[in-house]
Amino acid sequence: MAEERKEAKTGSANPASEKMHEWGVEHKIDTCFERAQKMKPCPIGHAGACCKHCHMGPCRLVGKNAEEEITGVCGASLATVSARNLLRMCAAGTSAHSDHARGMVETLLAVANGEAKDFKITDVRKLYRVAGILNIEFEGRAVLDVARDVANTLLEDFGRQHGGQLNYTKRAPKKTQERWKKWGIAPRGIDREVVETMHRTAIGVDHDPDHLLLQGLRTSLADGWGGCMISTDITDILFGTPSPQKGRMSLGIFKEDEVNFIVHGHEPLFAEMMVEVSSDPEMLAYAKSKGAKGINLGGMCCTANEVLMRHGIASAGGFTNQELGIMSGLVDAISVDVQCIMPAIVEVSKKFHTKVITTNPKAKIPGAMHIEFDEHRAKEIAKEVMKVAIDNFPNRKTMGGRVSEEFPAVVGFSHEYIEYMQGGRWRASFRPLNDAIMAGRVRGVVGLAGCDNPRVPSTGIHRFLATELIKKDVLIVSTGCGSAACGTSGYLTPEMALENAGPGLREVCEAIGIPPILHLGSCVDNSRILTIASAMAEEGGLSDEIGGMPAVGIAPEWMSEKAIAIGMYFAASGVPVIFGGESPVSASKEVTRIMTEVWFERFRGALHFEPDPEKILALALDYIDKARAALKLRKYEPGKFATEKILMDMAARRELEKAAKPHIGIY
Ligand code: SF4
Ligand code: MSK
């Protein structure tokens, strides 16, 4: 297997991860990297040419001139089949984010009703901001009453049946909203769009690829401006809006002499309780009684991003690090909730002493322990789970790969903080960023997001694009496993700007004191990018809508259906998006044309699939430069920019704050 692996260039591109992987290969422990070699994807399904939407099939629409000449038993064309496949991925991705969001809103409601005593409203200012957006009166009212109204209003977005559209769609620039209206893709209710997509993609319903894809965009908008944005907001309200934190990232975060507990998955509710419990004196005393010096909490995947950016809890990395972390032999327990959890971690854990604990009522894994989380008894359950890890500490075996590398990271750039750092608390704005783009110091902005993937040397394309883009003065905002890929490579530090960023971007980063790659959070926090883009449009000087900005989204190693939903909502909002890897609709030229040319014409966004990292880079820069030219901005030339605008440093910001009066801004 090892030889095959080298030939196929699999494994991780991250040195620490690859070291652990090599240790696993030596000890005959298979991981996703080996399984990716053994399990080749079916080329027909991979290209979107297989339909199994009824039991007359599966129909495989392959062969010469398949697009023109071959149909399924029912007569469905290749374009119909490919479009339907993409839509179902989008609906599944939307469901995942939105079901997560529903859980957050229900918890907010439980807090407001006094039924979830272990949680509280942490960020009242953010609650008021959200109330303002929803036209809910907040001044002079009890905080919990406002919270109840916010929760009930947002809950309506899930099941709205008649008239209207999602509350948050009005946060988009007017012109962007008008495009949605014109093309009939303003989302109504989140659940409704998902159900309609499932209906329209069933046998014998909608067969027009363009018409189908429009419904896909409407569903994805329900994800971006619904599920994701709601989840981000409620998480901030309950646990605090992130501001920069120092953290540690990579597989070297585990401690030999402490109980190591990993929170993995996506939903922050249980993880937040584990943060509390990990410093609880009773738990620490219990850990000591078992011979441990303390409790070391770490995170994995997007749960890691949630607790990293609010509490500085160390992250062991992204998706492809989950088995590798267990192979350290130091993880006493790992809790998992939902999404991106490989069931394989149970098998790997059997080789060590690690306990795998599922905590979500929706997700069990055979062979794992199940301790169900209930927000009404949150702390009690968190303690029960932590005790499993502590009791397991004495069972550690000596076996395990040892990696000591870890990197410092500055994380937690919420859109509110990005606004703040550009003008202080009372005069927060996006003016300096817009000015820097206009002057050519910052060439453009790239959202580097999405998963890492064992079918390529994982994290490698993220690493390549991150370094190349900042060299070319492109500011990066990162989320999800894109953030993990950057953080575990040591890229999330301000020093990265000094060493690698182009001269313009470096000047901006030095003036504001930020890294050139801004960690924005988890996958649902891609909604923060929508908010930032809307604020930039409102600020003026660039495009007056999200479309037309010198901005691109890239998910170079995507694998999840959630990534498809995210890519589509950015495209529908006006952002050209480039995904790595082979296209899941490559079989249909027509679907590919619609997603690239037709969507760009209608929405100024697009969805490309491009496996070659160099071409991804070139395409992204081309979009950025063409947008600059269309906006009649100064032509980007490295090292040459207008110097008239001075960025505000910390001292200037404090001066402004002293003089200013408070207000509650509504974005
Ligand atoms: Fe085949 Fe049509 Fe059934 Fe799909 S819906 S499996 S194309 S017969
Ligand atoms: S965890 S969806 S692998 S980003 Fe959000 Fe990472 Fe992709 Fe899962």
# chains A, B, ... in the order shown; residues from 1 in each chain; ligands from 1
>>> residues_around(residues="region 227-244 of chain A", least_positions_apart="6", cutoff="7 Å", atoms="only C-alpha atoms", output="MDAnalysis selection string")
chainID A and resid 97:98 101 104:105 120:124 126:127 309:310 410:414 417 524:525 527
>>> residues_near_ligand(ligand="ligand 1", cutoff="7 Å", atoms="only C-alpha atoms and all ligand atoms", output="ChimeraX atom specification")
/A:51-59,71-76,81,202-204
>>> write_last_selection(atoms="C-alpha atoms", output="PDB file, in the first residue's frame")
ATOM      1  CA  CYS A  51     -29.599   8.732 -12.206  1.00  0.00           C
ATOM      2  CA  LYS A  52     -31.149   6.546  -9.523  1.00  0.00           C
ATOM      3  CA  HIS A  53     -34.223   8.594  -8.835  1.00  0.00           C
ATOM      4  CA  CYS A  54     -36.497   5.670  -9.648  1.00  0.00           C
ATOM      5  CA  HIS A  55     -36.216   1.911  -9.733  1.00  0.00           C
ATOM      6  CA  MET A  56     -36.332   1.602 -13.502  1.00  0.00           C
ATOM      7  CA  GLY A  57     -32.714   2.723 -13.152  1.00  0.00           C
ATOM      8  CA  PRO A  58     -30.072   3.404 -12.140  1.00  0.00           C
ATOM      9  CA  CYS A  59     -29.690   4.800 -15.647  1.00  0.00           C
ATOM     10  CA  THR A  71     -31.668   9.299 -22.243  1.00  0.00           C
ATOM     11  CA  GLY A  72     -32.801   7.359 -19.205  1.00  0.00           C
ATOM     12  CA  VAL A  73     -35.682   4.891 -19.405  1.00  0.00           C
ATOM     13  CA  CYS A  74     -38.109   7.755 -18.709  1.00  0.00           C
ATOM     14  CA  GLY A  75     -36.496   9.904 -21.403  1.00  0.00           C
ATOM     15  CA  ALA A  76     -34.575  12.221 -19.066  1.00  0.00           C
ATOM     16  CA  VAL A  81     -29.957  14.143 -14.825  1.00  0.00           C
ATOM     17  CA  ALA A 202     -38.135  13.239  -8.398  1.00  0.00           C
ATOM     18  CA  ILE A 203     -39.004  11.179 -11.487  1.00  0.00           C
ATOM     19  CA  GLY A 204     -41.321  12.925 -13.868  1.00  0.00           C
TER      20      GLY A 204
END
>>> closest_atom_pairs(of="region 71-186 of chain A", to="region 212-220 of chain A", cutoff="8 Å", atoms="only C-alpha atoms", output="tab-separated table")
residue	atom	partner	partner_atom	distance
A:Ala83	CA	A:Leu213	CA	6.4
A:Arg84	CA	A:Leu212	CA	7.0
A:Leu86	CA	A:Gly216	CA	7.9
A:Leu87	CA	A:Gly216	CA	5.2
A:Cys90	CA	A:Ser220	CA	6.5
A:Ala91	CA	A:Thr219	CA	6.6
A:Thr94	CA	A:Ser220	CA	6.4
A:Trp183	CA	A:Leu214	CA	7.8
A:Gly184	CA	A:Leu214	CA	7.9
A:Ile185	CA	A:Arg218	CA	4.4
A:Ala186	CA	A:Arg218	CA	6.0
>>> residues_near_ligand(ligand="ligand 2", cutoff="9 Å", atoms="only C-alpha atoms and all ligand atoms", output="PyMOL selection string")
chain A and resi 93+264-266+300-303+305+318-320+339-341+449-453+479-484+522-524+555+557-563
>>> closest_residue(among="A:Glu282, A:Glu106, A:Glu306, A:Glu375", to="His519 (chain A)", atoms="only C-alpha atoms")
A:Glu306
>>> closest_residue(among="A:Gly159, A:Asp145, A:Ile262, A:Asp206", to="Ala79 (chain A)", atoms="only C-alpha atoms")
A:Asp206
>>> residues_around(residues="Ile44 (chain A)", least_positions_apart="4", cutoff="9 Å", atoms="only C-alpha atoms", output="PyMOL selection string")
chain A and resi 48-50+60-62+587
>>> write_last_selection(atoms="N, CA and C atoms", output="PDB file, in the first residue's frame")
ATOM      1  N   GLY A  48     -21.696  12.966 -12.807  1.00  0.00           N
ATOM      2  CA  GLY A  48     -23.099  13.383 -12.778  1.00  0.00           C
ATOM      3  C   GLY A  48     -23.956  12.739 -13.844  1.00  0.00           C
ATOM      4  N   ALA A  49     -23.498  11.594 -14.402  1.00  0.00           N
ATOM      5  CA  ALA A  49     -24.230  10.991 -15.519  1.00  0.00           C
ATOM      6  C   ALA A  49     -25.069   9.789 -15.095  1.00  0.00           C
ATOM      7  N   CYS A  50     -25.221   9.571 -13.807  1.00  0.00           N
ATOM      8  CA  CYS A  50     -25.992   8.423 -13.335  1.00  0.00           C
ATOM      9  C   CYS A  50     -27.243   8.916 -12.603  1.00  0.00           C
ATOM     10  N   ARG A  60     -27.481   4.940 -16.625  1.00  0.00           N
ATOM     11  CA  ARG A  60     -26.156   5.534 -16.821  1.00  0.00           C
ATOM     12  C   ARG A  60     -26.117   6.138 -18.210  1.00  0.00           C
ATOM     13  N   LEU A  61     -26.044   7.464 -18.263  1.00  0.00           N
ATOM     14  CA  LEU A  61     -26.146   8.147 -19.552  1.00  0.00           C
ATOM     15  C   LEU A  61     -24.741   8.388 -20.107  1.00  0.00           C
ATOM     16  N   VAL A  62     -24.167   7.324 -20.648  1.00  0.00           N
ATOM     17  CA  VAL A  62     -22.793   7.434 -21.148  1.00  0.00           C
ATOM     18  C   VAL A  62     -22.721   7.016 -22.617  1.00  0.00           C
ATOM     19  N   ALA A 587     -20.241  15.726 -16.962  1.00  0.00           N
ATOM     20  CA  ALA A 587     -20.844  14.991 -18.080  1.00  0.00           C
ATOM     21  C   ALA A 587     -21.696  15.904 -18.956  1.00  0.00           C
TER      22      ALA A 587
END
>>> residues_around(residues="Ala287 (chain A)", least_positions_apart="6", cutoff="8 Å", atoms="only C-alpha atoms", output="PyMOL selection string")
chain A and resi 259+293-295+390
>>> select_by_dssp(residues="region 559-620 of chain A", states="alpha helix (DSSP H)", output="VMD selection string")
chain A and resid 561 to 573 589 to 593 599 to 603 613 to 620
>>> write_last_selection(atoms="N, CA, C and O atoms", output="CSV table (one decimal), in the first residue's frame")
chain,number,residue,atom,x,y,z
A,561,GLU,N,-21.5,17.8,0.5
A,561,GLU,CA,-22.6,18.4,-0.1
A,561,GLU,C,-22.9,19.9,0.4
A,561,GLU,O,-23.4,20.7,-0.3
A,562,LYS,N,-22.4,20.1,1.6
A,562,LYS,CA,-22.6,21.4,2.2
A,562,LYS,C,-21.8,22.4,1.4
A,562,LYS,O,-22.2,23.6,1.2
A,563,ALA,N,-20.6,22.0,0.9
A,563,ALA,CA,-19.8,22.9,0.1
A,563,ALA,C,-20.5,23.3,-1.2
A,563,ALA,O,-20.4,24.5,-1.6
A,564,ILE,N,-21.3,22.4,-1.8
A,564,ILE,CA,-22.0,22.7,-3.0
A,564,ILE,C,-23.1,23.8,-2.7
A,564,ILE,O,-23.2,24.7,-3.4
A,565,ALA,N,-23.8,23.6,-1.6
A,565,ALA,CA,-24.8,24.6,-1.2
A,565,ALA,C,-24.1,26.0,-1.0
A,565,ALA,O,-24.6,27.0,-1.5
A,566,ILE,N,-22.9,26.0,-0.4
A,566,ILE,CA,-22.2,27.2,-0.1
A,566,ILE,C,-21.8,27.8,-1.5
A,566,ILE,O,-22.0,29.0,-1.7
A,567,GLY,N,-21.2,27.0,-2.3
A,567,GLY,CA,-20.7,27.5,-3.6
A,567,GLY,C,-21.8,28.1,-4.4
A,567,GLY,O,-21.7,29.2,-5.0
A,568,MET,N,-23.0,27.5,-4.3
A,568,MET,CA,-24.2,28.0,-5.1
A,568,MET,C,-24.7,29.3,-4.5
A,568,MET,O,-25.1,30.2,-5.2
A,569,TYR,N,-24.7,29.4,-3.1
A,569,TYR,CA,-25.3,30.6,-2.6
A,569,TYR,C,-24.3,31.8,-2.9
A,569,TYR,O,-24.8,32.9,-3.0
A,570,PHE,N,-23.0,31.5,-2.9
A,570,PHE,CA,-22.1,32.7,-3.3
A,570,PHE,C,-22.4,33.0,-4.8
A,570,PHE,O,-22.4,34.2,-5.1
A,571,ALA,N,-22.5,32.0,-5.6
A,571,ALA,CA,-22.7,32.3,-7.0
A,571,ALA,C,-24.0,33.1,-7.2
A,571,ALA,O,-24.1,34.1,-7.9
A,572,ALA,N,-25.1,32.7,-6.5
A,572,ALA,CA,-26.4,33.4,-6.6
A,572,ALA,C,-26.3,34.8,-6.0
A,572,ALA,O,-27.0,35.7,-6.4
A,573,SER,N,-25.4,35.0,-5.1
A,573,SER,CA,-25.2,36.3,-4.5
A,573,SER,C,-24.3,37.3,-5.3
A,573,SER,O,-24.3,38.5,-5.0
A,589,LYS,N,-22.3,19.4,-20.8
A,589,LYS,CA,-21.8,20.7,-21.2
A,589,LYS,C,-22.8,21.8,-20.9
A,589,LYS,O,-22.5,22.9,-20.6
A,590,GLU,N,-24.1,21.4,-21.1
A,590,GLU,CA,-25.1,22.4,-20.9
A,590,GLU,C,-25.2,22.9,-19.5
A,590,GLU,O,-25.3,24.1,-19.2
A,591,VAL,N,-25.2,22.0,-18.6
A,591,VAL,CA,-25.2,22.4,-17.1
A,591,VAL,C,-24.0,23.2,-16.8
A,591,VAL,O,-24.1,24.3,-16.1
A,592,THR,N,-22.9,22.8,-17.3
A,592,THR,CA,-21.6,23.6,-17.1
A,592,THR,C,-21.7,25.0,-17.6
A,592,THR,O,-21.4,26.0,-17.0
A,593,ARG,N,-22.3,25.1,-18.8
A,593,ARG,CA,-22.5,26.4,-19.5
A,593,ARG,C,-23.4,27.3,-18.6
A,593,ARG,O,-23.1,28.5,-18.4
A,599,TRP,N,-25.3,32.0,-15.4
A,599,TRP,CA,-25.3,32.6,-14.0
A,599,TRP,C,-24.5,33.9,-13.9
A,599,TRP,O,-24.9,34.8,-13.2
A,600,PHE,N,-23.4,34.0,-14.6
A,600,PHE,CA,-22.6,35.2,-14.6
A,600,PHE,C,-23.4,36.4,-15.2
A,600,PHE,O,-23.4,37.5,-14.6
A,601,GLU,N,-24.0,36.1,-16.3
A,601,GLU,CA,-24.8,37.1,-16.9
A,601,GLU,C,-26.0,37.6,-16.0
A,601,GLU,O,-26.2,38.8,-15.9
A,602,ARG,N,-26.6,36.7,-15.3
A,602,ARG,CA,-27.8,37.0,-14.5
A,602,ARG,C,-27.4,37.6,-13.1
A,602,ARG,O,-28.1,38.5,-12.6
A,603,PHE,N,-26.4,36.9,-12.5
A,603,PHE,CA,-26.2,37.2,-11.1
A,603,PHE,C,-24.8,37.8,-10.9
A,603,PHE,O,-24.4,38.1,-9.7
A,613,PRO,N,-4.5,23.3,-9.7
A,613,PRO,CA,-4.3,24.5,-8.8
A,613,PRO,C,-3.8,25.7,-9.5
A,613,PRO,O,-4.2,26.8,-9.1
A,614,GLU,N,-2.9,25.6,-10.4
A,614,GLU,CA,-2.3,26.8,-11.1
A,614,GLU,C,-3.5,27.5,-11.9
A,614,GLU,O,-3.5,28.7,-11.9
A,615,LYS,N,-4.3,26.7,-12.5
A,615,LYS,CA,-5.4,27.3,-13.2
A,615,LYS,C,-6.5,27.9,-12.3
A,615,LYS,O,-7.1,28.9,-12.7
A,616,ILE,N,-6.6,27.3,-11.1
A,616,ILE,CA,-7.5,27.9,-10.1
A,616,ILE,C,-7.0,29.3,-9.8
A,616,ILE,O,-7.8,30.3,-9.8
A,617,LEU,N,-5.7,29.4,-9.6
A,617,LEU,CA,-5.1,30.7,-9.2
A,617,LEU,C,-5.3,31.7,-10.4
A,617,LEU,O,-5.7,32.8,-10.1
A,618,ALA,N,-5.0,31.2,-11.6
A,618,ALA,CA,-5.0,32.2,-12.7
A,618,ALA,C,-6.5,32.6,-12.9
A,618,ALA,O,-6.7,33.8,-13.2
A,619,LEU,N,-7.4,31.7,-12.8
A,619,LEU,CA,-8.8,32.1,-13.0
A,619,LEU,C,-9.3,33.1,-11.9
A,619,LEU,O,-10.0,34.1,-12.2
A,620,ALA,N,-8.9,32.9,-10.7
A,620,ALA,CA,-9.3,33.8,-9.6
A,620,ALA,C,-8.7,35.2,-9.9
A,620,ALA,O,-9.4,36.2,-9.8
>>> closest_residue(among="A:Tyr128, A:Phe393, A:Phe407, A:Tyr168", to="Tyr286 (chain A)", atoms="only C-alpha atoms")
A:Phe393
>>> residues_around(residues="Met399 (chain A)", least_positions_apart="3", cutoff="9 Å", atoms="only C-alpha atoms", output="short mmCIF file (atom, residue, chain, number, x, y, z; two decimals) with N, CA and C atoms, in the first residue's frame")
data_model
loop_
_atom_site.label_atom_id
_atom_site.label_comp_id
_atom_site.auth_asym_id
_atom_site.auth_seq_id
_atom_site.Cartn_x
_atom_site.Cartn_y
_atom_site.Cartn_z
N MET A 327 -4.48 8.59 16.29
CA MET A 327 -3.27 7.79 16.19
C MET A 327 -2.12 8.31 17.04
N SER A 328 -2.30 9.48 17.64
CA SER A 328 -1.29 9.95 18.59
C SER A 328 -1.27 9.04 19.83
N GLY A 329 -2.37 8.32 20.05
CA GLY A 329 -2.48 7.47 21.24
C GLY A 329 -2.72 8.28 22.50
N LYS A 351 -7.70 0.51 18.11
CA LYS A 351 -6.27 0.17 18.17
C LYS A 351 -5.59 0.87 19.35
N PHE A 352 -6.28 1.84 19.92
CA PHE A 352 -5.70 2.60 21.02
C PHE A 352 -6.65 2.46 22.22
N ARG A 396 -4.27 4.52 29.04
CA ARG A 396 -3.42 4.86 27.89
C ARG A 396 -2.36 3.80 27.66
#
>>> atom_distance(atom1="CA of Val143 (chain A)", atom2="CA of Leu269 (chain A)")
20.4 Å
